[in-house]
Structure formats: structure tokens, C-alpha cells
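Colleague: Please find model_3.pdb (PDB, C-alpha atoms) on the next line:
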```pdb
ATOM      1  CA  MET A   1      41.228   3.088 -11.107
ATOM      2  CA  ASN A   2      40.276   6.382  -9.518
ATOM      3  CA  SER A   3      40.881   9.023 -12.164
ATOM      4  CA  SER A   4      41.260  11.706  -9.479
ATOM      5  CA  ASP A   5      44.516  10.029  -8.443
ATOM      6  CA  ASN A   6      45.924   9.679 -11.935
ATOM      7  CA  ASP A   7      44.907  12.633 -14.114
ATOM      8  CA  LYS A   8      48.434  14.061 -14.015
ATOM      9  CA  THR A   9      51.953  12.775 -14.182
ATOM     10  CA  TYR A  10      53.998  14.108 -11.249
ATOM     11  CA  SER A  11      57.737  14.226 -10.696
ATOM     12  CA  VAL A  12      59.304  12.534  -7.679
ATOM     13  CA  ASP A  13      59.987  15.913  -6.039
ATOM     14  CA  GLU A  14      56.374  17.024  -6.522
ATOM     15  CA  ILE A  15      55.059  13.818  -4.982
ATOM     16  CA  ARG A  16      57.370  14.165  -1.979
ATOM     17  CA  LYS A  17      56.099  17.689  -1.309
ATOM     18  CA  THR A  18      52.611  16.369  -0.574
ATOM     19  CA  HIS A  19      53.512  12.821   0.505
ATOM     20  CA  PRO A  20      56.919  12.940   2.273
ATOM     21  CA  LYS A  21      57.107   9.179   2.847
ATOM     22  CA  ALA A  22      55.999   8.160  -0.647
ATOM     23  CA  TYR A  23      59.275   6.435  -1.495
ATOM     24  CA  GLU A  24      60.230   5.099   1.921
ATOM     25  CA  LYS A  25      59.904   1.429   2.844
ATOM     26  CA  TRP A  26      57.002   0.492   5.091
ATOM     27  CA  SER A  27      58.087  -0.558   8.563
ATOM     28  CA  GLU A  28      56.589  -3.403  10.552
ATOM     29  CA  TYR A  29      55.157  -0.825  12.950
ATOM     30  CA  ASP A  30      53.525   1.039  10.040
ATOM     31  CA  ASP A  31      51.961  -2.184   8.754
ATOM     32  CA  THR A  32      50.538  -3.056  12.161
ATOM     33  CA  LEU A  33      49.160   0.444  12.677
ATOM     34  CA  LEU A  34      47.693   0.563   9.163
ATOM     35  CA  LEU A  35      45.785  -2.691   9.620
ATOM     36  CA  LYS A  36      44.538  -1.553  13.030
ATOM     37  CA  MET A  37      43.266   1.746  11.635
ATOM     38  CA  VAL A  38      41.580  -0.006   8.703
ATOM     39  CA  GLN A  39      39.854  -2.381  11.110
ATOM     40  CA  GLN A  40      38.691   0.642  13.121
ATOM     41  CA  GLY A  41      37.085   2.083   9.986
ATOM     42  CA  GLU A  42      39.363   5.088   9.415
ATOM     43  CA  ASP A  43      38.795   6.742   6.026
ATOM     44  CA  ILE A  44      41.392   6.982   3.257
ATOM     45  CA  ASP A  45      42.118  10.688   3.824
ATOM     46  CA  THR A  46      42.962  10.037   7.478
ATOM     47  CA  LEU A  47      45.264   7.183   6.498
ATOM     48  CA  CYS A  48      47.011   9.408   3.934
ATOM     49  CA  ALA A  49      47.576  12.092   6.564
ATOM     50  CA  VAL A  50      48.901   9.685   9.195
ATOM     51  CA  PHE A  51      51.263   7.785   6.900
ATOM     52  CA  GLN A  52      52.164  10.761   4.665
ATOM     53  CA  ARG A  53      51.562   8.753   1.501
ATOM     54  CA  GLY A  54      49.168   8.973  -1.433
ATOM     55  CA  ARG A  55      45.857   7.171  -1.827
ATOM     56  CA  GLY A  56      47.311   4.700  -4.320
ATOM     57  CA  ALA A  57      50.164   3.745  -1.987
ATOM     58  CA  ILE A  58      47.771   3.278   0.942
ATOM     59  CA  ARG A  59      45.402   1.093  -1.067
ATOM     60  CA  SER A  60      48.292  -0.916  -2.484
ATOM     61  CA  ARG A  61      49.695  -1.567   0.986
ATOM     62  CA  ILE A  62      46.309  -2.635   2.331
ATOM     63  CA  ARG A  63      45.916  -5.093  -0.542
ATOM     64  CA  LYS A  64      49.415  -6.383   0.098
ATOM     65  CA  LEU A  65      48.621  -7.021   3.748
ATOM     66  CA  GLU A  66      45.307  -8.696   2.896
ATOM     67  CA  GLU A  67      46.655 -11.536   0.754
ATOM     68  CA  PRO A  68      47.376  -9.776  -2.588
ATOM     69  CA  GLU A  69      48.346 -11.538  -5.776
ATOM     70  CA  LYS A  70      52.063 -12.099  -5.605
ATOM     71  CA  ILE A  71      54.982 -13.735  -7.345
ATOM     72  CA  ASN A  72      57.142 -15.847  -5.079
ATOM     73  CA  TYR A  73      60.678 -15.792  -6.412
ATOM     74  CA  SER A  74      62.120 -18.186  -3.854
ATOM     75  CA  GLU A  75      62.749 -20.784  -6.571
ATOM     76  CA  PHE A  76      65.003 -18.346  -8.377
ATOM     77  CA  SER A  77      66.774 -16.960  -5.314
ATOM     78  CA  ARG A  78      70.490 -17.004  -4.685
ATOM     79  CA  ALA A  79      72.442 -16.033  -1.584
ATOM     80  CA  ASN A  80      71.691 -12.556  -0.230
ATOM     81  CA  HIS A  81      68.091 -12.669  -1.478
ATOM     82  CA  LEU A  82      68.674 -11.987  -5.159
ATOM     83  CA  LEU A  83      64.989 -11.348  -5.842
ATOM     84  CA  SER A  84      62.300 -10.161  -3.474
ATOM     85  CA  GLU A  85      58.626 -10.998  -3.535
ATOM     86  CA  VAL A  86      56.825  -8.765  -6.047
ATOM     87  CA  LEU A  87      53.325  -7.632  -5.062
ATOM     88  CA  PHE A  88      51.243  -6.273  -7.880
ATOM     89  CA  ASP A  89      47.805  -5.510  -9.301
ATOM     90  CA  TRP A  90      46.461  -5.204 -12.839
ATOM     91  CA  ILE A  91      44.591  -1.934 -13.342
ATOM     92  CA  PRO A  92      42.075  -1.744 -16.224
ATOM     93  CA  ILE A  93      42.548   0.996 -18.796
ATOM     94  CA  LEU A  94      39.677   3.475 -19.058
ATOM     95  CA  GLN A  95      38.649   5.219 -22.257
ATOM     96  CA  ASP A  96      36.759   7.868 -20.307
ATOM     97  CA  GLU A  97      35.684   8.552 -16.745
ATOM     98  CA  ASP A  98      34.428   5.210 -15.337
ATOM     99  CA  GLU A  99      34.243   3.619 -18.812
ATOM    100  CA  LEU A 100      36.427   0.612 -19.608
ATOM    101  CA  TYR A 101      38.415   0.445 -22.826
ATOM    102  CA  TYR A 102      37.933  -2.499 -25.179
ATOM    103  CA  PHE A 103      39.763  -3.414 -28.374
ATOM    104  CA  PRO A 104      39.375  -2.170 -31.127
ATOM    105  CA  ASN A 105      37.937   1.125 -29.880
ATOM    106  CA  SER A 106      39.811   4.237 -30.958
ATOM    107  CA  LEU A 107      42.116   5.984 -28.504
ATOM    108  CA  THR A 108      40.419   8.898 -26.772
ATOM    109  CA  PRO A 109      41.876  12.241 -25.625
ATOM    110  CA  PHE A 110      41.295  11.015 -22.054
ATOM    111  CA  MET A 111      43.503   7.974 -22.707
ATOM    112  CA  LYS A 112      46.208   9.983 -24.445
ATOM    113  CA  ARG A 113      46.405  12.320 -21.473
ATOM    114  CA  LEU A 114      46.325   9.651 -18.774
ATOM    115  CA  TYR A 115      48.382   6.760 -20.138
ATOM    116  CA  LYS A 116      51.368   8.253 -21.916
ATOM    117  CA  SER A 117      53.898   6.875 -19.418
ATOM    118  CA  PRO A 118      56.066   3.723 -19.758
ATOM    119  CA  ALA A 119      54.174   0.591 -18.763
ATOM    120  CA  ILE A 120      53.918  -3.164 -18.544
ATOM    121  CA  TYR A 121      50.542  -4.007 -20.042
ATOM    122  CA  ARG A 122      48.427  -7.020 -20.868
ATOM    123  CA  TRP A 123      45.603  -7.686 -23.256
ATOM    124  CA  ASN A 124      42.991  -9.801 -21.489
ATOM    125  CA  VAL A 125      40.594 -11.972 -23.521
ATOM    126  CA  TYR A 126      37.464 -13.125 -21.702
ATOM    127  CA  LYS A 127      33.704 -13.683 -21.996
ATOM    128  CA  ASN A 128      31.968 -12.773 -18.745
ATOM    129  CA  THR A 129      34.569 -11.908 -16.103
ATOM    130  CA  PRO A 130      38.220 -10.860 -16.551
ATOM    131  CA  THR A 131      39.536 -14.150 -15.143
ATOM    132  CA  ASP A 132      37.187 -16.686 -16.731
ATOM    133  CA  GLU A 133      39.271 -17.647 -19.784
ATOM    134  CA  LYS A 134      42.854 -16.832 -18.723
ATOM    135  CA  ILE A 135      43.894 -15.829 -22.250
ATOM    136  CA  ILE A 136      46.387 -12.953 -22.155
ATOM    137  CA  TYR A 137      49.202 -11.177 -23.970
ATOM    138  CA  ILE A 138      51.833  -9.343 -21.905
ATOM    139  CA  GLY A 139      54.018  -6.580 -23.312
ATOM    140  CA  GLU A 140      55.958  -3.443 -22.447
ATOM    141  CA  GLY A 141      56.257   0.001 -23.928
ATOM    142  CA  LYS A 142      58.094   3.277 -23.484
ATOM    143  CA  GLN A 143      54.873   5.206 -24.141
ATOM    144  CA  LEU A 144      51.763   3.090 -23.714
ATOM    145  CA  ILE A 145      49.376   5.495 -25.429
ATOM    146  CA  PRO A 146      49.299   6.472 -28.180
ATOM    147  CA  ASP A 147      52.482   4.876 -29.525
ATOM    148  CA  ARG A 148      52.369   1.277 -28.303
ATOM    149  CA  ILE A 149      48.640   0.597 -28.401
ATOM    150  CA  ASN A 150      48.141   2.360 -31.716
ATOM    151  CA  GLY A 151      50.461  -0.276 -33.190
ATOM    152  CA  TYR A 152      47.883  -2.965 -32.381
ATOM    153  CA  LEU A 153      44.976  -0.918 -33.705
ATOM    154  CA  ASN A 154      46.716   0.094 -36.933
ATOM    155  CA  PRO A 155      49.668  -2.276 -37.484
ATOM    156  CA  GLY A 156      52.200  -1.413 -40.152
ATOM    157  CA  PRO A 157      53.108  -3.898 -42.907
ATOM    158  CA  ALA A 158      56.316  -4.963 -41.136
ATOM    159  CA  GLN A 159      54.801  -5.206 -37.638
ATOM    160  CA  MET A 160      54.153  -8.943 -37.677
ATOM    161  CA  THR A 161      53.285  -9.364 -33.983
ATOM    162  CA  ASN A 162      50.891  -6.416 -34.074
ATOM    163  CA  LYS A 163      49.239  -7.771 -37.237
ATOM    164  CA  ARG A 164      48.914 -11.250 -35.731
ATOM    165  CA  LEU A 165      47.317  -9.958 -32.534
ATOM    166  CA  ASN A 166      45.014  -7.577 -34.402
ATOM    167  CA  THR A 167      43.673 -10.528 -36.408
ATOM    168  CA  CYS A 168      43.558 -12.784 -33.339
ATOM    169  CA  PHE A 169      41.633 -10.263 -31.223
ATOM    170  CA  ARG A 170      39.093  -9.625 -33.984
ATOM    171  CA  GLU A 171      38.463 -13.363 -34.317
ATOM    172  CA  TYR A 172      37.905 -13.656 -30.576
ATOM    173  CA  ILE A 173      35.458 -10.741 -30.675
ATOM    174  CA  LEU A 174      33.483 -12.413 -33.485
ATOM    175  CA  ASP A 175      33.205 -15.470 -31.221
ATOM    176  CA  GLY A 176      31.661 -13.399 -28.438
ATOM    177  CA  TYR A 177      34.747 -12.528 -26.397
ATOM    178  CA  LYS A 178      35.843  -9.159 -25.012
ATOM    179  CA  VAL A 179      39.412  -7.872 -25.222
ATOM    180  CA  SER A 180      40.347  -5.402 -22.494
ATOM    181  CA  LEU A 181      43.627  -3.675 -21.690
ATOM    182  CA  GLU A 182      45.339  -3.467 -18.287
ATOM    183  CA  ILE A 183      48.568  -2.103 -16.829
ATOM    184  CA  VAL A 184      50.559  -3.448 -13.905
ATOM    185  CA  ARG A 185      50.952  -1.487 -10.687
ATOM    186  CA  PHE A 186      53.360  -2.557  -7.969
ATOM    187  CA  ASP A 187      54.499  -1.051  -4.691
ATOM    188  CA  GLU A 188      58.192  -1.867  -4.876
ATOM    189  CA  MET A 189      60.582  -4.741  -5.462
ATOM    190  CA  SER A 190      64.230  -5.308  -4.676
ATOM    191  CA  VAL A 191      67.086  -7.078  -6.377
ATOM    192  CA  GLY A 192      69.807  -7.575  -3.802
ATOM    193  CA  ASP A 193      69.891  -4.313  -1.869
ATOM    194  CA  THR A 194      68.521  -2.186  -4.741
ATOM    195  CA  ILE A 195      64.883  -1.105  -4.555
ATOM    196  CA  PHE A 196      62.835  -0.544  -7.704
ATOM    197  CA  THR A 197      59.518   1.318  -7.909
ATOM    198  CA  GLN A 198      56.998   2.185 -10.616
ATOM    199  CA  ILE A 199      59.195   5.093 -11.695
ATOM    200  CA  ASP A 200      61.879   2.650 -12.866
ATOM    201  CA  LEU A 201      59.638   1.504 -15.723
ATOM    202  CA  LYS A 202      61.214   4.330 -17.715
ATOM    203  CA  ASN A 203      64.268   2.049 -17.999
ATOM    204  CA  LYS A 204      63.738  -0.340 -20.937
ATOM    205  CA  HIS A 205      65.929  -3.064 -19.378
ATOM    206  CA  PHE A 206      63.855  -3.060 -16.193
ATOM    207  CA  ARG A 207      60.617  -3.112 -18.207
ATOM    208  CA  ARG A 208      61.774  -6.117 -20.205
ATOM    209  CA  PHE A 209      63.009  -7.888 -17.083
ATOM    210  CA  LEU A 210      59.630  -7.478 -15.401
ATOM    211  CA  GLU A 211      57.752  -8.339 -18.600
ATOM    212  CA  HIS A 212      59.616 -11.638 -18.987
ATOM    213  CA  MET A 213      59.161 -12.541 -15.325
ATOM    214  CA  LEU A 214      55.411 -11.944 -15.587
ATOM    215  CA  ILE A 215      55.198 -14.049 -18.742
ATOM    216  CA  THR A 216      56.989 -16.889 -16.964
ATOM    217  CA  TYR A 217      54.785 -16.487 -13.899
ATOM    218  CA  TYR A 218      51.533 -16.734 -15.845
ATOM    219  CA  GLU A 219      52.810 -19.685 -17.869
ATOM    220  CA  ARG A 220      53.352 -21.493 -14.576
ATOM    221  CA  LYS A 221      49.884 -20.459 -13.422
ATOM    222  CA  GLY A 222      48.379 -22.234 -16.429
ATOM    223  CA  TYR A 223      47.296 -19.205 -18.449
ATOM    224  CA  SER A 224      47.100 -19.362 -22.230
ATOM    225  CA  LEU A 225      49.612 -16.760 -23.406
ATOM    226  CA  LEU A 226      49.416 -15.207 -26.855
ATOM    227  CA  ASN A 227      53.101 -14.263 -26.617
ATOM    228  CA  ARG A 228      55.353 -16.264 -28.939
TER     229      ARG A 228
END
```
Can the structure from this file be put into C-alpha cells for me?
Modeller:
Amino acid sequence: MNSSDNDKTYSVDEIRKTHPKAYEKWSEYDDTLLLKMVQQGEDIDTLCAVFQRGRGAIRSRIRKLEEPEKINYSEFSRANHLLSEVLFDWIPILQDEDELYYFPNSLTPFMKRLYKSPAIYRWNVYKNTPTDEKIIYIGEGKQLIPDRINGYLNPGPAQMTNKRLNTCFREYILDGYKVSLEIVRFDEMSVGDTIFTQIDLKNKHFRRFLEHMLITYYERKGYSLLNR
């Protein structure tokens, strides 16, 4: 994650002032032109100016067009395309500039400033690379940091899931594993003719919908989920 793109939380109106097309759908012409300009070696600032979108949106679209990770919902579809394809990335949480966060490190002022928004998150347990063990826990929260993550670091007596995971993570760490934290980022998705973006994570029903779909997706992919 580039901290320069994410040090502040902006309103929709503020984003549109600097990136007028931030919440518009990409056209086929835009996609073709974007790929052509990337192949010609145009830099990110030029792409932002041409397409009137932010750096994150440009990078996300490039990844999408270059075989991104995706969920294919065709098996669940009904008439009128009930669910679209959801294109997404997992972005690692930083505890400081260019420094990854690992459980059970304390929450830093940097984290409290940067990650206080609603989020779908996952704990990722691994040894050498983030995909070598495929042991994860997926959750959602209205305020990722400090509220949600602090519950795992300092679980209350009645917080059974938090207590279980706290113990589980510490046992993994003793066995030589790392436990990192990531949040999901997606361009957009549609249900019927309604488009949802990252901003809609403020709605708890949408967060839980996406959380459950991701859990199901990774179960089918053969991951070991710590969700019960």
C-alpha cells in the first residue's frame, strides 16, 4: 500500500473534485486505451490525468485487466445477472511507513489514523510467504482500528471468538509462523442493476454479505479457515 494515497479519509464530494470520474464505470474504450498507454510506458500521473481517476483506481483497473484474482459468481446467478464478478485485492496492514504489522504487536498512532474505516479483513497465518500455508480468518468491522483489532489483542472475558483466536495465533507464532493482517480492496460490484463500491462497506449488511461470500469462496479454494 502506498501511504501517500491513504493517509486521509476523503468524502465522495472531495474525491470527485480532484478525480471527476472516480465513481463512473469504466467503458470498453477506456479499458483499451488504458492497456495501450500502459504498454507504451506512460507513468501513473499521466494515466490519472487522462482518466480523471486516482492512483488506486488506476492500479486496480490495470490489475483487473491483467488477470486479477476474482470470484466468479456464475454458479449463483439468476436471471438478469443477480451477481456480477467481484475483482479484489488483499492489502497488507502497515504499522508504520513501509513496515508490515504482525500480531500481537500493539496498535500504533499510524494505524489508528489510517485504518479507522469500516473494512473486510483477514488474518493470514504463514511461514515464509503470505500464500504458503493458506490458513486464514476472515471478518468484518465497523471500525477496523482500534475497535475491532483491539478485541483480538485484548479480548474481554465474554469475547469467545477473540479469545480463541488470540490463543490460536500465539500457538502458531510459537511454532514459527507469522500472523499478518490484511484488508480487502475492490473496484466495484453489482447486484442486479445496483452498483456497490468500497464506500458501501459502511453498511453492516453489505459488509456481512461480502464477508460470507469471501468465506465461501476461500473454502472452495481449499484454504484452511479459522472461522467457525
Colleague: Run through the PyMOL selection byres ((chain A and resi 125) around 7) on the given coordinates and return the selected residues as a PyMOL selection string.
Modeller: chain A and resi 123-124+126+133+135-136+177-180
Colleague: Using only C-alpha atoms - which residues lie no farther than 9 Å from the point (45.7, 0.0, -27.8) in the file's frame? Write them as a PDB file with C-alpha atoms, in the coordinates of the input.
Modeller:
```pdb
ATOM      1  CA  TYR A 101      38.415   0.445 -22.826  1.00  0.00           C
ATOM      2  CA  TYR A 102      37.933  -2.499 -25.179  1.00  0.00           C
ATOM      3  CA  PHE A 103      39.763  -3.414 -28.374  1.00  0.00           C
ATOM      4  CA  PRO A 104      39.375  -2.170 -31.127  1.00  0.00           C
ATOM      5  CA  ASN A 105      37.937   1.125 -29.880  1.00  0.00           C
ATOM      6  CA  SER A 106      39.811   4.237 -30.958  1.00  0.00           C
ATOM      7  CA  LEU A 107      42.116   5.984 -28.504  1.00  0.00           C
ATOM      8  CA  TRP A 123      45.603  -7.686 -23.256  1.00  0.00           C
ATOM      9  CA  LEU A 144      51.763   3.090 -23.714  1.00  0.00           C
ATOM     10  CA  ILE A 145      49.376   5.495 -25.429  1.00  0.00           C
ATOM     11  CA  PRO A 146      49.299   6.472 -28.180  1.00  0.00           C
ATOM     12  CA  ASP A 147      52.482   4.876 -29.525  1.00  0.00           C
ATOM     13  CA  ARG A 148      52.369   1.277 -28.303  1.00  0.00           C
ATOM     14  CA  ILE A 149      48.640   0.597 -28.401  1.00  0.00           C
ATOM     15  CA  ASN A 150      48.141   2.360 -31.716  1.00  0.00           C
ATOM     16  CA  GLY A 151      50.461  -0.276 -33.190  1.00  0.00           C
ATOM     17  CA  TYR A 152      47.883  -2.965 -32.381  1.00  0.00           C
ATOM     18  CA  LEU A 153      44.976  -0.918 -33.705  1.00  0.00           C
ATOM     19  CA  LEU A 181      43.627  -3.675 -21.690  1.00  0.00           C
TER      20      LEU A 181
END
```
Colleague: Rank A:Gly192, A:Gly176, A:Gly139, A:Pro157 by their smallest atom-to-atom distance to A:His212, using only C-alpha atoms, and report the top residue only.
Modeller: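 The answer is A:Gly139, which sits nearest to A:His212.
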Colleague: Go through A:Glu85, A:Glu97, A:Asp43, A:Asp132 and flag the residue nearest A:Glu188, using all atoms listed in the file for the distances.
Modeller: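 Answer, going by the shortest atom-to-atom distance: A:Glu85.
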Colleague: Exactly which residues make up the result of the PyMOL selection byres ((chain A and resi 142) around 12) on this file, given as a list of chain:residue names?
Modeller: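 Applied to this file, the PyMOL selection byres ((chain A and resi 142) around 12) selects A:Tyr115, A:Lys116, A:Ser117, A:Pro118, A:Ala119, A:Ile120, A:Tyr121, A:Gly139, A:Glu140, A:Gly141, A:Gln143, A:Leu144, A:Ile145, A:Pro146, A:Asp147, A:Arg148, A:Ile149, A:Ile199, A:Asp200, A:Leu201, A:Lys202, A:Asn203, A:Lys204, A:His205, A:Phe206, A:Arg207, A:Arg208.
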Colleague: A:Lys25, A:Val38, A:Pro92, A:Arg122: which is nearest A:Ala57, counting all atoms listed in the file?
Modeller: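 Among the listed residues, A:Lys25 lies closest to A:Ala57.
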Colleague: If I take atom CA of A:Leu165 and atom CA of A:Leu226, how far is one from the other in Å, to one decimal?
Modeller: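 A separation of 8.0 Å between them.
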Colleague: Of the residues A:Thr161, A:Gln198, A:Phe51, A:Gly41, which is the one nearest to A:Tyr29, using only C-alpha atoms?
Modeller: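 With only C-alpha atoms as the atom set, the closest residue is A:Phe51.
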Colleague: Write out as a PyMOL selection string which residues come within 12 Å of A:Arg164 when counting only C-alpha atoms, dropping same-chain ones fewer than 3 positions away.
Modeller: chain A and resi 137+151-161+167-171+226-228
Colleague: Evaluate the PyMOL selection byres ((chain A and resi 58) around 10) and record the selected residues as a ChimeraX atom specification, following the chain and residue labels used in the document.
Modeller: /A:22,34,44-45,47-48,51-57,59-64,187
Colleague: Which residue is closest to A:Asp98? Choose from A:Phe196, A:Phe110, A:Thr129, A:Ala49 and count only C-alpha atoms.
Modeller: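 Of A:Phe196, A:Phe110, A:Thr129, A:Ala49, the one nearest A:Asp98 is A:Phe110, counting only C-alpha atoms.
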Colleague: How far is it from atom CA of A:Leu210 to atom CA of A:Tyr223, in Å with one decimal?
Modeller: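 One can read the atom CA of A:Leu210 to atom CA of A:Tyr223 distance as 17.3 Å.
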Colleague: Report the distance between atom CA of A:Asp30 and atom CA of A:Leu65 in Å, rounded to one decimal place.
Modeller: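 Pair atom CA of A:Asp30 / atom CA of A:Leu65 returns 11.3 Å.
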Colleague: Under the rule that all atoms listed in the file are counted, which of A:Tyr172, A:Pro20, A:Asn162, A:Glu182 is the nearest residue to A:Leu100?
Modeller: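 Residue with the minimum atom-to-atom distance to A:Leu100: A:Glu182.
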Colleague: Return as AutoDock Vina command-line options the centre and edge lengths, in Å with one decimal, of the box along x, y and z that encloses every atom of stretch 21-39 of chain A in the file, padded by 3 Å per side.
Modeller:
```
--center_x 50.0 --center_y 2.9 --center_z 5.8 --size_x 26.4 --size_y 18.6 --size_z 20.5
```
Colleague: Since the input lacks atoms, please generate N, CA and C atoms for stretch 15-45 of chain A and provide them as a PDB file, in the coordinates of the input.
Modeller:
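File rebuild_13.pdb, as written:
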```pdb
ATOM      1  N   ILE A  15      55.759  14.795  -5.817  1.00  0.00           N
ATOM      2  CA  ILE A  15      55.059  13.818  -4.982  1.00  0.00           C
ATOM      3  C   ILE A  15      55.523  13.928  -3.543  1.00  0.00           C
ATOM      4  N   ARG A  16      56.831  14.097  -3.341  1.00  0.00           N
ATOM      5  CA  ARG A  16      57.370  14.165  -1.979  1.00  0.00           C
ATOM      6  C   ARG A  16      56.914  15.413  -1.243  1.00  0.00           C
ATOM      7  N   LYS A  17      56.576  16.477  -1.971  1.00  0.00           N
ATOM      8  CA  LYS A  17      56.099  17.689  -1.309  1.00  0.00           C
ATOM      9  C   LYS A  17      54.787  17.430  -0.578  1.00  0.00           C
ATOM     10  N   THR A  18      53.917  16.648  -1.183  1.00  0.00           N
ATOM     11  CA  THR A  18      52.611  16.369  -0.574  1.00  0.00           C
ATOM     12  C   THR A  18      52.578  15.060   0.203  1.00  0.00           C
ATOM     13  N   HIS A  19      53.468  14.131  -0.158  1.00  0.00           N
ATOM     14  CA  HIS A  19      53.512  12.821   0.505  1.00  0.00           C
ATOM     15  C   HIS A  19      54.973  12.491   0.845  1.00  0.00           C
ATOM     16  N   PRO A  20      55.486  13.052   1.940  1.00  0.00           N
ATOM     17  CA  PRO A  20      56.919  12.940   2.273  1.00  0.00           C
ATOM     18  C   PRO A  20      57.456  11.516   2.345  1.00  0.00           C
ATOM     19  N   LYS A  21      56.622  10.552   2.691  1.00  0.00           N
ATOM     20  CA  LYS A  21      57.107   9.179   2.847  1.00  0.00           C
ATOM     21  C   LYS A  21      56.777   8.289   1.648  1.00  0.00           C
ATOM     22  N   ALA A  22      56.463   8.919   0.519  1.00  0.00           N
ATOM     23  CA  ALA A  22      55.999   8.160  -0.647  1.00  0.00           C
ATOM     24  C   ALA A  22      56.987   7.104  -1.109  1.00  0.00           C
ATOM     25  N   TYR A  23      58.278   7.367  -0.967  1.00  0.00           N
ATOM     26  CA  TYR A  23      59.275   6.435  -1.495  1.00  0.00           C
ATOM     27  C   TYR A  23      60.096   5.762  -0.395  1.00  0.00           C
ATOM     28  N   GLU A  24      59.574   5.798   0.819  1.00  0.00           N
ATOM     29  CA  GLU A  24      60.230   5.099   1.921  1.00  0.00           C
ATOM     30  C   GLU A  24      59.616   3.720   2.104  1.00  0.00           C
ATOM     31  N   LYS A  25      60.414   2.774   2.587  1.00  0.00           N
ATOM     32  CA  LYS A  25      59.904   1.429   2.844  1.00  0.00           C
ATOM     33  C   LYS A  25      58.942   1.457   4.033  1.00  0.00           C
ATOM     34  N   TRP A  26      57.926   0.620   3.967  1.00  0.00           N
ATOM     35  CA  TRP A  26      57.002   0.492   5.091  1.00  0.00           C
ATOM     36  C   TRP A  26      57.674  -0.310   6.199  1.00  0.00           C
ATOM     37  N   SER A  27      57.533   0.172   7.424  1.00  0.00           N
ATOM     38  CA  SER A  27      58.087  -0.558   8.563  1.00  0.00           C
ATOM     39  C   SER A  27      57.047  -1.533   9.105  1.00  0.00           C
ATOM     40  N   GLU A  28      57.510  -2.452   9.928  1.00  0.00           N
ATOM     41  CA  GLU A  28      56.589  -3.403  10.552  1.00  0.00           C
ATOM     42  C   GLU A  28      55.581  -2.673  11.441  1.00  0.00           C
ATOM     43  N   TYR A  29      56.053  -1.629  12.106  1.00  0.00           N
ATOM     44  CA  TYR A  29      55.157  -0.825  12.950  1.00  0.00           C
ATOM     45  C   TYR A  29      54.076  -0.158  12.094  1.00  0.00           C
ATOM     46  N   ASP A  30      54.490   0.406  10.938  1.00  0.00           N
ATOM     47  CA  ASP A  30      53.525   1.039  10.040  1.00  0.00           C
ATOM     48  C   ASP A  30      52.460   0.045   9.584  1.00  0.00           C
ATOM     49  N   ASP A  31      52.903  -1.162   9.214  1.00  0.00           N
ATOM     50  CA  ASP A  31      51.961  -2.184   8.754  1.00  0.00           C
ATOM     51  C   ASP A  31      50.938  -2.526   9.831  1.00  0.00           C
ATOM     52  N   THR A  32      51.427  -2.709  11.048  1.00  0.00           N
ATOM     53  CA  THR A  32      50.538  -3.056  12.161  1.00  0.00           C
ATOM     54  C   THR A  32      49.532  -1.943  12.426  1.00  0.00           C
ATOM     55  N   LEU A  33      50.036  -0.700  12.429  1.00  0.00           N
ATOM     56  CA  LEU A  33      49.160   0.444  12.677  1.00  0.00           C
ATOM     57  C   LEU A  33      48.148   0.610  11.549  1.00  0.00           C
ATOM     58  N   LEU A  34      48.592   0.425  10.308  1.00  0.00           N
ATOM     59  CA  LEU A  34      47.693   0.563   9.163  1.00  0.00           C
ATOM     60  C   LEU A  34      46.528  -0.425   9.251  1.00  0.00           C
ATOM     61  N   LEU A  35      46.841  -1.682   9.512  1.00  0.00           N
ATOM     62  CA  LEU A  35      45.785  -2.691   9.620  1.00  0.00           C
ATOM     63  C   LEU A  35      44.820  -2.375  10.763  1.00  0.00           C
ATOM     64  N   LYS A  36      45.379  -1.893  11.877  1.00  0.00           N
ATOM     65  CA  LYS A  36      44.538  -1.553  13.030  1.00  0.00           C
ATOM     66  C   LYS A  36      43.586  -0.419  12.681  1.00  0.00           C
ATOM     67  N   MET A  37      44.100   0.600  11.989  1.00  0.00           N
ATOM     68  CA  MET A  37      43.266   1.746  11.635  1.00  0.00           C
ATOM     69  C   MET A  37      42.202   1.362  10.610  1.00  0.00           C
ATOM     70  N   VAL A  38      42.564   0.477   9.680  1.00  0.00           N
ATOM     71  CA  VAL A  38      41.580  -0.006   8.703  1.00  0.00           C
ATOM     72  C   VAL A  38      40.461  -0.763   9.408  1.00  0.00           C
ATOM     73  N   GLN A  39      40.844  -1.608  10.352  1.00  0.00           N
ATOM     74  CA  GLN A  39      39.854  -2.381  11.110  1.00  0.00           C
ATOM     75  C   GLN A  39      38.943  -1.477  11.940  1.00  0.00           C
ATOM     76  N   GLN A  40      39.484  -0.315  12.336  1.00  0.00           N
ATOM     77  CA  GLN A  40      38.691   0.642  13.121  1.00  0.00           C
ATOM     78  C   GLN A  40      37.811   1.524  12.236  1.00  0.00           C
ATOM     79  N   GLY A  41      37.947   1.355  10.909  1.00  0.00           N
ATOM     80  CA  GLY A  41      37.085   2.083   9.986  1.00  0.00           C
ATOM     81  C   GLY A  41      37.553   3.467   9.605  1.00  0.00           C
ATOM     82  N   GLU A  42      38.850   3.767   9.789  1.00  0.00           N
ATOM     83  CA  GLU A  42      39.363   5.088   9.415  1.00  0.00           C
ATOM     84  C   GLU A  42      39.263   5.277   7.895  1.00  0.00           C
ATOM     85  N   ASP A  43      38.944   6.502   7.458  1.00  0.00           N
ATOM     86  CA  ASP A  43      38.795   6.742   6.026  1.00  0.00           C
ATOM     87  C   ASP A  43      40.150   6.945   5.362  1.00  0.00           C
ATOM     88  N   ILE A  44      40.150   6.938   4.031  1.00  0.00           N
ATOM     89  CA  ILE A  44      41.392   6.982   3.257  1.00  0.00           C
ATOM     90  C   ILE A  44      42.155   8.286   3.469  1.00  0.00           C
ATOM     91  N   ASP A  45      41.441   9.403   3.622  1.00  0.00           N
ATOM     92  CA  ASP A  45      42.118  10.688   3.824  1.00  0.00           C
ATOM     93  C   ASP A  45      42.868  10.714   5.153  1.00  0.00           C
TER      94      ASP A  45
END
```
